[in-house]
>>> print(open('model.cif').read())   # mmCIF, C-alpha atoms and all ligand atoms
data_work
#
loop_
_atom_site.group_PDB
_atom_site.id
_atom_site.type_symbol
_atom_site.label_atom_id
_atom_site.label_comp_id
_atom_site.auth_asym_id
_atom_site.auth_seq_id
_atom_site.Cartn_x
_atom_site.Cartn_y
_atom_site.Cartn_z
ATOM 1 C CA MET A 1 300.056 54.935 -30.839
ATOM 2 C CA PHE A 2 296.920 52.907 -30.043
ATOM 3 C CA ALA A 3 294.687 55.980 -29.762
ATOM 4 C CA LEU A 4 291.007 55.090 -29.397
ATOM 5 C CA ASP A 5 289.478 58.570 -29.471
ATOM 6 C CA GLY A 6 285.830 58.533 -30.489
ATOM 7 C CA LYS A 7 285.454 54.759 -30.143
ATOM 8 C CA ILE A 8 282.634 53.145 -28.187
ATOM 9 C CA ALA A 9 283.761 50.070 -26.242
ATOM 10 C CA LEU A 10 281.922 47.474 -24.183
ATOM 11 C CA VAL A 11 283.904 45.346 -21.712
ATOM 12 C CA THR A 12 282.129 42.500 -19.916
ATOM 13 C CA GLY A 13 283.045 41.531 -16.362
ATOM 14 C CA ALA A 14 284.699 44.930 -15.991
ATOM 15 C CA SER A 15 284.061 45.618 -12.299
ATOM 16 C CA ARG A 16 287.321 43.978 -11.217
ATOM 17 C CA GLY A 17 290.470 42.138 -12.259
ATOM 18 C CA ILE A 18 291.515 41.995 -15.885
ATOM 19 C CA GLY A 19 288.215 43.472 -17.137
ATOM 20 C CA ARG A 20 288.649 46.499 -14.925
ATOM 21 C CA ALA A 21 292.203 47.052 -16.215
ATOM 22 C CA ILE A 22 290.952 46.726 -19.797
ATOM 23 C CA ALA A 23 288.203 49.296 -19.167
ATOM 24 C CA GLN A 24 290.795 51.643 -17.677
ATOM 25 C CA VAL A 25 293.292 51.393 -20.520
ATOM 26 C CA LEU A 26 290.657 51.702 -23.260
ATOM 27 C CA ALA A 27 289.261 54.817 -21.562
ATOM 28 C CA GLU A 28 292.772 56.233 -21.095
ATOM 29 C CA GLN A 29 293.312 55.748 -24.837
ATOM 30 C CA GLY A 30 290.232 57.875 -25.500
ATOM 31 C CA ALA A 31 287.354 55.391 -25.883
ATOM 32 C CA ARG A 32 283.998 55.788 -24.187
ATOM 33 C CA VAL A 33 283.757 52.558 -22.185
ATOM 34 C CA VAL A 34 280.634 50.702 -21.125
ATOM 35 C CA VAL A 35 281.724 48.940 -17.928
ATOM 36 C CA ALA A 36 279.494 45.851 -17.808
ATOM 37 C CA PHE A 37 279.096 44.008 -14.503
ATOM 38 C CA ALA A 38 277.151 40.877 -13.558
ATOM 39 C CA SER A 39 276.402 41.657 -9.922
ATOM 40 C CA GLN A 40 279.102 43.942 -8.481
ATOM 41 C CA GLU A 41 277.347 47.232 -9.128
ATOM 42 C CA ALA A 42 279.196 49.222 -6.447
ATOM 43 C CA ALA A 43 282.599 48.114 -7.782
ATOM 44 C CA ALA A 44 281.561 48.960 -11.366
ATOM 45 C CA ASN A 45 280.361 52.401 -10.247
ATOM 46 C CA GLU A 46 283.744 52.964 -8.588
ATOM 47 C CA VAL A 47 285.542 52.143 -11.847
ATOM 48 C CA VAL A 48 283.305 54.575 -13.709
ATOM 49 C CA SER A 49 283.640 57.333 -11.077
ATOM 50 C CA ALA A 50 287.434 57.085 -11.053
ATOM 51 C CA LEU A 51 287.585 57.274 -14.839
ATOM 52 C CA CYS A 52 285.150 60.196 -15.068
ATOM 53 C CA ALA A 53 287.050 62.036 -12.301
ATOM 54 C CA ALA A 54 290.162 61.672 -14.463
ATOM 55 C CA GLY A 55 288.327 63.228 -17.416
ATOM 56 C CA LYS A 56 287.679 59.925 -19.220
ATOM 57 C CA GLN A 57 284.329 58.660 -20.501
ATOM 58 C CA ALA A 58 282.669 55.637 -18.925
ATOM 59 C CA GLU A 59 279.295 54.296 -17.832
ATOM 60 C CA ALA A 60 278.185 51.162 -15.972
ATOM 61 C CA VAL A 61 275.569 48.650 -17.085
ATOM 62 C CA GLN A 62 274.339 45.384 -15.564
ATOM 63 C CA LEU A 63 274.953 42.421 -17.860
ATOM 64 C CA ASP A 64 274.986 38.722 -17.047
ATOM 65 C CA VAL A 65 276.443 37.324 -20.267
ATOM 66 C CA SER A 66 274.769 33.952 -19.780
ATOM 67 C CA ASP A 67 271.449 35.713 -20.518
ATOM 68 C CA SER A 68 271.527 36.097 -24.318
ATOM 69 C CA ALA A 69 268.353 38.182 -24.433
ATOM 70 C CA ARG A 70 269.913 40.641 -21.995
ATOM 71 C CA VAL A 71 273.129 40.705 -24.081
ATOM 72 C CA ASP A 72 271.081 41.634 -27.168
ATOM 73 C CA ALA A 73 269.133 44.283 -25.253
ATOM 74 C CA VAL A 74 272.219 45.912 -23.689
ATOM 75 C CA ILE A 75 274.103 46.074 -26.983
ATOM 76 C CA ALA A 76 271.030 47.402 -28.831
ATOM 77 C CA ASP A 77 270.715 50.087 -26.150
ATOM 78 C CA VAL A 78 274.403 51.066 -26.457
ATOM 79 C CA VAL A 79 273.994 51.384 -30.232
ATOM 80 C CA LYS A 80 270.784 53.395 -29.795
ATOM 81 C CA ARG A 81 272.395 55.827 -27.362
ATOM 82 C CA HIS A 82 275.845 56.162 -28.965
ATOM 83 C CA GLY A 83 275.071 55.335 -32.590
ATOM 84 C CA LYS A 84 277.570 52.470 -32.799
ATOM 85 C CA LEU A 85 279.706 49.894 -31.008
ATOM 86 C CA ASP A 86 283.325 49.807 -32.176
ATOM 87 C CA LEU A 87 285.068 47.557 -29.641
ATOM 88 C CA MET A 88 283.608 44.443 -28.007
ATOM 89 C CA VAL A 89 285.820 42.861 -25.335
ATOM 90 C CA ALA A 90 284.329 39.583 -24.091
ATOM 91 C CA ASN A 91 286.237 39.320 -20.826
ATOM 92 C CA ALA A 92 283.676 37.855 -18.392
ATOM 93 C CA GLY A 93 284.659 34.410 -17.231
ATOM 94 C CA MET A 94 284.579 32.015 -14.329
ATOM 95 C CA SER A 95 286.061 28.723 -13.291
ATOM 96 C CA VAL A 96 284.948 25.856 -11.108
ATOM 97 C CA ASP A 97 288.089 23.795 -10.641
ATOM 98 C CA ALA A 98 287.703 20.026 -10.225
ATOM 99 C CA LEU A 99 289.281 16.869 -11.540
ATOM 100 C CA LEU A 100 287.060 15.484 -14.298
ATOM 101 C CA LEU A 101 286.157 12.514 -12.085
ATOM 102 C CA ARG A 102 284.474 14.971 -9.710
ATOM 103 C CA LEU A 103 283.269 17.652 -12.135
ATOM 104 C CA LYS A 104 279.530 18.146 -11.809
ATOM 105 C CA ASP A 105 277.361 18.661 -14.899
ATOM 106 C CA GLU A 106 275.891 21.834 -13.424
ATOM 107 C CA ASP A 107 279.371 23.355 -12.969
ATOM 108 C CA LEU A 108 280.394 22.398 -16.500
ATOM 109 C CA ASP A 109 277.127 23.853 -17.854
ATOM 110 C CA ARG A 110 277.715 27.099 -15.958
ATOM 111 C CA MET A 111 281.268 27.485 -17.337
ATOM 112 C CA LEU A 112 280.003 26.776 -20.859
ATOM 113 C CA ALA A 113 277.130 29.245 -20.435
ATOM 114 C CA VAL A 114 279.359 32.090 -19.221
ATOM 115 C CA ASN A 115 282.767 31.541 -20.817
ATOM 116 C CA LEU A 116 281.693 30.185 -24.196
ATOM 117 C CA ARG A 117 278.019 30.878 -24.948
ATOM 118 C CA GLY A 118 278.187 34.249 -23.154
ATOM 119 C CA ALA A 119 281.229 35.393 -25.113
ATOM 120 C CA MET A 120 279.657 34.174 -28.378
ATOM 121 C CA ALA A 121 276.384 35.963 -27.588
ATOM 122 C CA CYS A 122 278.300 39.214 -27.043
ATOM 123 C CA ALA A 123 280.204 38.811 -30.294
ATOM 124 C CA ARG A 124 277.030 37.918 -32.211
ATOM 125 C CA ALA A 125 275.170 40.971 -30.969
ATOM 126 C CA ALA A 126 278.186 43.243 -31.556
ATOM 127 C CA ILE A 127 278.922 42.135 -35.130
ATOM 128 C CA LYS A 128 275.329 42.908 -36.183
ATOM 129 C CA THR A 129 276.050 46.611 -35.832
ATOM 130 C CA MET A 130 279.743 46.335 -36.811
ATOM 131 C CA MET A 131 278.809 44.656 -40.116
ATOM 132 C CA ARG A 132 276.618 47.623 -41.011
ATOM 133 C CA ALA A 133 279.429 50.005 -40.015
ATOM 134 C CA ARG A 134 281.960 47.861 -41.942
ATOM 135 C CA THR A 135 284.416 48.211 -39.090
ATOM 136 C CA GLY A 136 284.882 46.848 -35.591
ATOM 137 C CA ARG A 137 286.999 44.884 -33.184
ATOM 138 C CA VAL A 138 286.078 41.776 -31.200
ATOM 139 C CA VAL A 139 288.514 40.543 -28.551
ATOM 140 C CA PHE A 140 287.955 37.339 -26.564
ATOM 141 C CA LEU A 141 289.741 36.408 -23.347
ATOM 142 C CA THR A 142 290.939 32.837 -23.634
ATOM 143 C CA SER A 143 293.653 31.330 -21.399
ATOM 144 C CA VAL A 144 297.000 29.571 -21.396
ATOM 145 C CA VAL A 145 295.005 26.684 -19.928
ATOM 146 C CA GLY A 146 292.985 26.417 -23.166
ATOM 147 C CA GLU A 147 296.183 25.658 -25.084
ATOM 148 C CA MET A 148 298.384 23.951 -22.503
ATOM 149 C CA GLY A 149 295.813 22.148 -20.334
ATOM 150 C CA ASN A 150 295.872 22.013 -16.562
ATOM 151 C CA ALA A 151 294.991 19.204 -14.159
ATOM 152 C CA GLY A 152 291.783 20.105 -12.355
ATOM 153 C CA GLN A 153 290.621 22.495 -15.065
ATOM 154 C CA SER A 154 289.352 20.289 -17.905
ATOM 155 C CA GLY A 155 285.978 22.062 -17.929
ATOM 156 C CA TYR A 156 287.467 25.544 -17.873
ATOM 157 C CA ALA A 157 290.070 24.514 -20.472
ATOM 158 C CA ALA A 158 287.297 23.190 -22.722
ATOM 159 C CA THR A 159 285.558 26.568 -22.731
ATOM 160 C CA LYS A 160 288.777 28.489 -23.351
ATOM 161 C CA ALA A 161 290.034 26.149 -26.089
ATOM 162 C CA ALA A 162 286.633 26.442 -27.745
ATOM 163 C CA LEU A 163 286.964 30.230 -27.785
ATOM 164 C CA ILE A 164 290.106 29.867 -29.880
ATOM 165 C CA GLY A 165 288.043 27.975 -32.465
ATOM 166 C CA VAL A 166 285.413 30.700 -32.301
ATOM 167 C CA THR A 167 288.084 33.404 -32.775
ATOM 168 C CA ARG A 168 289.524 31.781 -35.879
ATOM 169 C CA SER A 169 286.113 30.957 -37.384
ATOM 170 C CA LEU A 170 284.519 34.330 -36.751
ATOM 171 C CA ALA A 171 287.613 36.107 -38.098
ATOM 172 C CA ARG A 172 286.983 34.272 -41.383
ATOM 173 C CA GLU A 173 283.253 35.093 -41.305
ATOM 174 C CA VAL A 174 283.549 38.853 -40.853
ATOM 175 C CA GLY A 175 286.971 39.830 -42.224
ATOM 176 C CA SER A 176 285.465 41.032 -45.503
ATOM 177 C CA ARG A 177 283.347 43.494 -43.487
ATOM 178 C CA GLY A 178 286.365 45.195 -41.944
ATOM 179 C CA ILE A 179 285.930 43.531 -38.557
ATOM 180 C CA THR A 180 288.861 41.887 -36.797
ATOM 181 C CA VAL A 181 288.428 39.081 -34.272
ATOM 182 C CA ASN A 182 291.268 38.142 -31.954
ATOM 183 C CA ALA A 183 291.891 36.517 -28.589
ATOM 184 C CA VAL A 184 294.260 37.283 -25.763
ATOM 185 C CA ALA A 185 295.517 34.246 -23.844
ATOM 186 C CA PRO A 186 296.751 35.321 -20.416
ATOM 187 C CA GLY A 187 298.991 33.093 -18.374
ATOM 188 C CA PHE A 188 298.879 33.281 -14.590
ATOM 189 C CA ILE A 189 297.573 36.751 -13.673
ATOM 190 C CA ASP A 190 297.174 38.202 -10.194
ATOM 191 C CA THR A 191 293.374 38.610 -9.757
ATOM 192 C CA ASP A 192 290.548 37.271 -7.587
ATOM 193 C CA MET A 193 290.376 34.242 -9.914
ATOM 194 C CA THR A 194 293.873 33.145 -8.876
ATOM 195 C CA SER A 195 293.961 34.520 -5.312
ATOM 196 C CA SER A 196 293.356 31.090 -3.753
ATOM 197 C CA ILE A 197 296.672 29.880 -5.208
ATOM 198 C CA GLN A 198 299.202 30.824 -2.534
ATOM 199 C CA GLY A 199 302.342 29.602 -0.805
ATOM 200 C CA ASP A 200 304.291 26.712 -2.318
ATOM 201 C CA THR A 201 301.883 26.293 -5.230
ATOM 202 C CA ARG A 202 302.299 29.949 -6.165
ATOM 203 C CA ALA A 203 306.084 29.677 -5.922
ATOM 204 C CA ALA A 204 305.947 26.570 -8.140
ATOM 205 C CA VAL A 205 303.906 28.479 -10.729
ATOM 206 C CA GLU A 206 306.389 31.370 -10.677
ATOM 207 C CA LYS A 207 309.222 28.916 -11.353
ATOM 208 C CA GLN A 208 307.503 27.843 -14.600
ATOM 209 C CA ILE A 209 307.440 31.429 -15.879
ATOM 210 C CA PRO A 210 310.594 32.463 -17.766
ATOM 211 C CA LEU A 211 310.006 36.133 -16.946
ATOM 212 C CA GLY A 212 310.012 35.109 -13.284
ATOM 213 C CA ARG A 213 306.825 36.773 -12.141
ATOM 214 C CA ILE A 214 303.071 36.410 -12.159
ATOM 215 C CA GLY A 215 301.372 38.788 -14.590
ATOM 216 C CA THR A 216 299.304 41.850 -13.769
ATOM 217 C CA PRO A 217 295.904 42.822 -15.161
ATOM 218 C CA ALA A 218 297.653 45.782 -16.828
ATOM 219 C CA ASP A 219 299.939 43.373 -18.747
ATOM 220 C CA VAL A 220 296.834 41.806 -20.306
ATOM 221 C CA ALA A 221 294.998 45.100 -20.819
ATOM 222 C CA ALA A 222 297.876 46.494 -22.890
ATOM 223 C CA ALA A 223 297.575 43.568 -25.322
ATOM 224 C CA VAL A 224 293.819 44.123 -25.612
ATOM 225 C CA ALA A 225 294.374 47.847 -26.289
ATOM 226 C CA PHE A 226 296.752 46.958 -29.116
ATOM 227 C CA LEU A 227 294.251 44.565 -30.700
ATOM 228 C CA CYS A 228 291.537 47.255 -30.436
ATOM 229 C CA SER A 229 293.692 49.895 -32.088
ATOM 230 C CA ASP A 230 293.939 51.051 -35.697
ATOM 231 C CA GLU A 231 297.551 49.837 -35.635
ATOM 232 C CA ALA A 232 296.235 46.237 -35.370
ATOM 233 C CA ALA A 233 294.047 46.624 -38.467
ATOM 234 C CA TYR A 234 295.814 43.748 -40.271
ATOM 235 C CA VAL A 235 295.777 41.336 -37.322
ATOM 236 C CA THR A 236 292.839 38.909 -37.208
ATOM 237 C CA GLY A 237 292.191 35.329 -36.104
ATOM 238 C CA HIS A 238 295.193 35.671 -33.818
ATOM 239 C CA VAL A 239 295.740 34.380 -30.291
ATOM 240 C CA LEU A 240 298.082 36.760 -28.472
ATOM 241 C CA ARG A 241 299.790 35.018 -25.542
ATOM 242 C CA VAL A 242 300.478 37.218 -22.539
ATOM 243 C CA ASN A 243 302.017 34.663 -20.224
ATOM 244 C CA GLY A 244 305.597 35.643 -19.382
ATOM 245 C CA GLY A 245 306.795 32.802 -21.596
ATOM 246 C CA MET A 246 305.206 29.958 -19.620
ATOM 247 C CA TYR A 247 303.749 28.497 -22.833
ATOM 248 C CA THR A 248 305.014 29.490 -26.278
HETATM 249 P P1 LIG A 301 287.873 37.710 -12.018
HETATM 250 O O1 LIG A 301 287.185 36.572 -11.376
HETATM 251 O O2 LIG A 301 288.561 38.719 -11.172
HETATM 252 O O3 LIG A 301 286.894 38.510 -12.976
HETATM 253 C C1 LIG A 301 285.952 37.869 -13.788
HETATM 254 C C2 LIG A 301 284.847 38.846 -14.061
HETATM 255 O O4 LIG A 301 283.826 38.192 -14.814
HETATM 256 C C3 LIG A 301 284.208 39.351 -12.758
HETATM 257 O O5 LIG A 301 283.987 40.736 -12.853
HETATM 258 C C4 LIG A 301 282.895 38.588 -12.723
HETATM 259 O O6 LIG A 301 281.868 39.278 -12.050
HETATM 260 C C5 LIG A 301 282.599 38.480 -14.216
HETATM 261 N N1 LIG A 301 281.599 37.460 -14.488
HETATM 262 C C6 LIG A 301 281.528 36.194 -14.010
HETATM 263 N N2 LIG A 301 280.410 35.608 -14.438
HETATM 264 C C7 LIG A 301 279.763 36.521 -15.205
HETATM 265 C C8 LIG A 301 278.564 36.525 -15.942
HETATM 266 N N3 LIG A 301 277.741 35.459 -15.950
HETATM 267 N N4 LIG A 301 278.221 37.638 -16.635
HETATM 268 C C9 LIG A 301 279.024 38.716 -16.641
HETATM 269 N N5 LIG A 301 280.154 38.803 -15.942
HETATM 270 C C10 LIG A 301 280.526 37.695 -15.243
HETATM 271 O O7 LIG A 301 288.877 37.056 -13.035
HETATM 272 P P2 LIG A 301 289.965 37.669 -14.029
HETATM 273 O O8 LIG A 301 291.229 36.993 -13.688
HETATM 274 O O9 LIG A 301 289.899 39.132 -14.071
HETATM 275 O O10 LIG A 301 289.454 37.048 -15.410
HETATM 276 C C11 LIG A 301 289.058 37.812 -16.536
HETATM 277 C C12 LIG A 301 289.100 36.919 -17.762
HETATM 278 O O11 LIG A 301 290.458 36.505 -17.986
HETATM 279 C C13 LIG A 301 288.277 35.643 -17.620
HETATM 280 O O12 LIG A 301 287.661 35.332 -18.847
HETATM 281 C C14 LIG A 301 289.315 34.603 -17.261
HETATM 282 O O13 LIG A 301 288.905 33.322 -17.620
HETATM 283 C C15 LIG A 301 290.503 35.092 -18.074
HETATM 284 N N6 LIG A 301 291.800 34.621 -17.590
HETATM 285 C C16 LIG A 301 292.269 34.915 -16.335
HETATM 286 C C17 LIG A 301 293.516 34.433 -15.946
HETATM 287 C C18 LIG A 301 294.118 34.702 -14.601
HETATM 288 O O14 LIG A 301 295.191 34.143 -14.295
HETATM 289 N N7 LIG A 301 293.547 35.536 -13.757
HETATM 290 C C19 LIG A 301 294.274 33.663 -16.830
HETATM 291 C C20 LIG A 301 293.766 33.391 -18.099
HETATM 292 C C21 LIG A 301 292.529 33.874 -18.479
#
>>> encode(input="model.cif", output="structure tokens", more="lines below")
Ligand code: NAD
Amino acid sequence: MFALDGKIALVTGASRGIGRAIAQVLAEQGARVVVAFASQEAAANEVVSALCAAGKQAEAVQLDVSDSARVDAVIADVVKRHGKLDLMVANAGMSVDALLLRLKDEDLDRMLAVNLRGAMACARAAIKTMMRARTGRVVFLTSVVGEMGNAGQSGYAATKAALIGVTRSLAREVGSRGITVNAVAPGFIDTDMTSSIQGDTRAAVEKQIPLGRIGTPADVAAAVAFLCSDEAAYVTGHVLRVNGGMYT
């Protein structure tokens, strides 16, 4: 099940956290994975080395998704070298947490540029080649916060809620070309993004999760692998919640 042999995948923000776990699982399922990193080159090279040492196929490439010209160039280069791009996972994201009263325009602009415009730029560049191939998979990383809301995260929530609109719209635009477009909405996942939440606050979060634990990057990666697979061929425009039941 969920075999990805022969597929070419690009995962943004794949040097750590959820992106790294996605790169690992896609490669384990047989895909050749382009591990895109913004600035953490050494970490990305480690991901690639570990995968190659295990007999999987992976390569690292620098890609700041807020630079649309660079997004176009990187994806064009992948297509030139490998002949196609089958799986585009727009994982890169960031958050500047602040109550709206204190949220600075520059922080809101940065979240919009990375989380929303960056993800859309990746999808736009990827579907150009997928439309010609009449097949492909686009997966966005949204968040439980985009659906549920969270005090102190109105800016981040805005970008993630917007991605749900993008998912549903793009699914309608490209379905006739054999391309599926879906989103995974993680809940609270143990990564660098959430590492500052400790102690009582962390215990309070755990209490809100029916499954009684914070999620792992591998929990999210498994959902992405499903959406990338042939078995998910009839799933599009969907938001798959991977949140331990904290929001249903
Ligand atoms: P993380 O901070 O560990 O990883 C984010 C990755 O995105 C990093 O590799 C970072 O370098 C990269 N990135 C940031 N800005 C970039 C840019 N301009 N260009 C390219 N890459 C950039 O966080 P994570 O928890 O692994 O998050 C991965 C995705 O999952 C994000 O989109 C995040 O919003 C989403 N998410 C995370 C959680 C959670 O609880 N951790 C919950 C819901 C959604």
>>> residues_near_ligand(input="model.cif", ligand="ligand LIG 301 (chain A)", cutoff="7 Å", atoms="only C-alpha atoms and all ligand atoms", output="MDAnalysis selection string")
chainID A and resid 12:19 37:40 63:66 91:95 114:115 141:144 185:194
>>> closest_residue(input="model.cif", among="A:Ala126, A:Ala157, A:Ala27, A:Val239", to="Ala50 in chain A", atoms="all atoms listed in the file")
A:Ala27
>>> axis_aligned_box(input="model.cif", around="range 169-176 of chain A", padding_each_side="6 Å", output="AutoDock Vina command-line options")
--center_x 285.4 --center_y 36.0 --center_z -41.1 --size_x 16.4 --size_y 22.1 --size_z 20.8
>>> closest_residue(input="model.cif", among="A:Ala76, A:Ala162, A:Leu240, A:Leu227", to="Leu4 in chain A", atoms="all atoms listed in the file")
A:Leu227
>>> residues_near_point(input="model.cif", point="(288.1, 48.5, -17.7)", cutoff="10 Å", atoms="all atoms listed in the file", output="PyMOL selection string")
chain A and resi 9-28+33-36+44+47-48+51+58+89+91+217-218+221
>>> atom_distance(input="model.cif", atom1="CA of Gln29 in chain A", atom2="CA of Ala223 in chain A")
12.9 Å
>>> closest_residue(input="model.cif", among="A:Arg70, A:Lys207, A:Lys56, A:Arg81", to="Cys122 in chain A", atoms="all atoms listed in the file")
A:Arg70
>>> atom_distance(input="model.cif", atom1="CA of Val96 in chain A", atom2="CA of Leu112 in chain A")
11.0 Å
>>> residues_around(input="model.cif", residues="Val139 in chain A", least_positions_apart="2", cutoff="7 Å", atoms="all atoms listed in the file", output="list in words")
Met88, Val89, Ala90, Arg137, Leu141, Val181, Asn182 and Ala183 of chain A
>>> write_last_selection(input="model.cif", atoms="C-alpha atoms", output="mmCIF file, in the frame of the given file")
data_model
loop_
_atom_site.group_PDB
_atom_site.id
_atom_site.type_symbol
_atom_site.label_atom_id
_atom_site.label_comp_id
_atom_site.auth_asym_id
_atom_site.auth_seq_id
_atom_site.Cartn_x
_atom_site.Cartn_y
_atom_site.Cartn_z
ATOM 1 C CA MET A 88 283.608 44.443 -28.007
ATOM 2 C CA VAL A 89 285.820 42.861 -25.335
ATOM 3 C CA ALA A 90 284.329 39.583 -24.091
ATOM 4 C CA ARG A 137 286.999 44.884 -33.184
ATOM 5 C CA LEU A 141 289.741 36.408 -23.347
ATOM 6 C CA VAL A 181 288.428 39.081 -34.272
ATOM 7 C CA ASN A 182 291.268 38.142 -31.954
ATOM 8 C CA ALA A 183 291.891 36.517 -28.589
#
>>> atom_distance(input="model.cif", atom1="CA of Ala43 in chain A", atom2="CA of Ala98 in chain A")
28.7 Å
>>> residues_around(input="model.cif", residues="Val205 in chain A", least_positions_apart="3", cutoff="12 Å", atoms="all atoms listed in the file", output="PDB file with C-alpha atoms, in the frame of the given file")
ATOM      1  CA  ASN A 150     295.872  22.013 -16.562  1.00  0.00           C
ATOM      2  CA  GLY A 187     298.991  33.093 -18.374  1.00  0.00           C
ATOM      3  CA  PHE A 188     298.879  33.281 -14.590  1.00  0.00           C
ATOM      4  CA  ILE A 189     297.573  36.751 -13.673  1.00  0.00           C
ATOM      5  CA  ASP A 190     297.174  38.202 -10.194  1.00  0.00           C
ATOM      6  CA  THR A 194     293.873  33.145  -8.876  1.00  0.00           C
ATOM      7  CA  ILE A 197     296.672  29.880  -5.208  1.00  0.00           C
ATOM      8  CA  GLN A 198     299.202  30.824  -2.534  1.00  0.00           C
ATOM      9  CA  GLY A 199     302.342  29.602  -0.805  1.00  0.00           C
ATOM     10  CA  ASP A 200     304.291  26.712  -2.318  1.00  0.00           C
ATOM     11  CA  THR A 201     301.883  26.293  -5.230  1.00  0.00           C
ATOM     12  CA  ARG A 202     302.299  29.949  -6.165  1.00  0.00           C
ATOM     13  CA  GLN A 208     307.503  27.843 -14.600  1.00  0.00           C
ATOM     14  CA  ILE A 209     307.440  31.429 -15.879  1.00  0.00           C
ATOM     15  CA  PRO A 210     310.594  32.463 -17.766  1.00  0.00           C
ATOM     16  CA  LEU A 211     310.006  36.133 -16.946  1.00  0.00           C
ATOM     17  CA  GLY A 212     310.012  35.109 -13.284  1.00  0.00           C
ATOM     18  CA  ARG A 213     306.825  36.773 -12.141  1.00  0.00           C
ATOM     19  CA  ILE A 214     303.071  36.410 -12.159  1.00  0.00           C
ATOM     20  CA  GLY A 215     301.372  38.788 -14.590  1.00  0.00           C
ATOM     21  CA  ASN A 243     302.017  34.663 -20.224  1.00  0.00           C
ATOM     22  CA  GLY A 244     305.597  35.643 -19.382  1.00  0.00           C
ATOM     23  CA  MET A 246     305.206  29.958 -19.620  1.00  0.00           C
TER      24      MET A 246
END
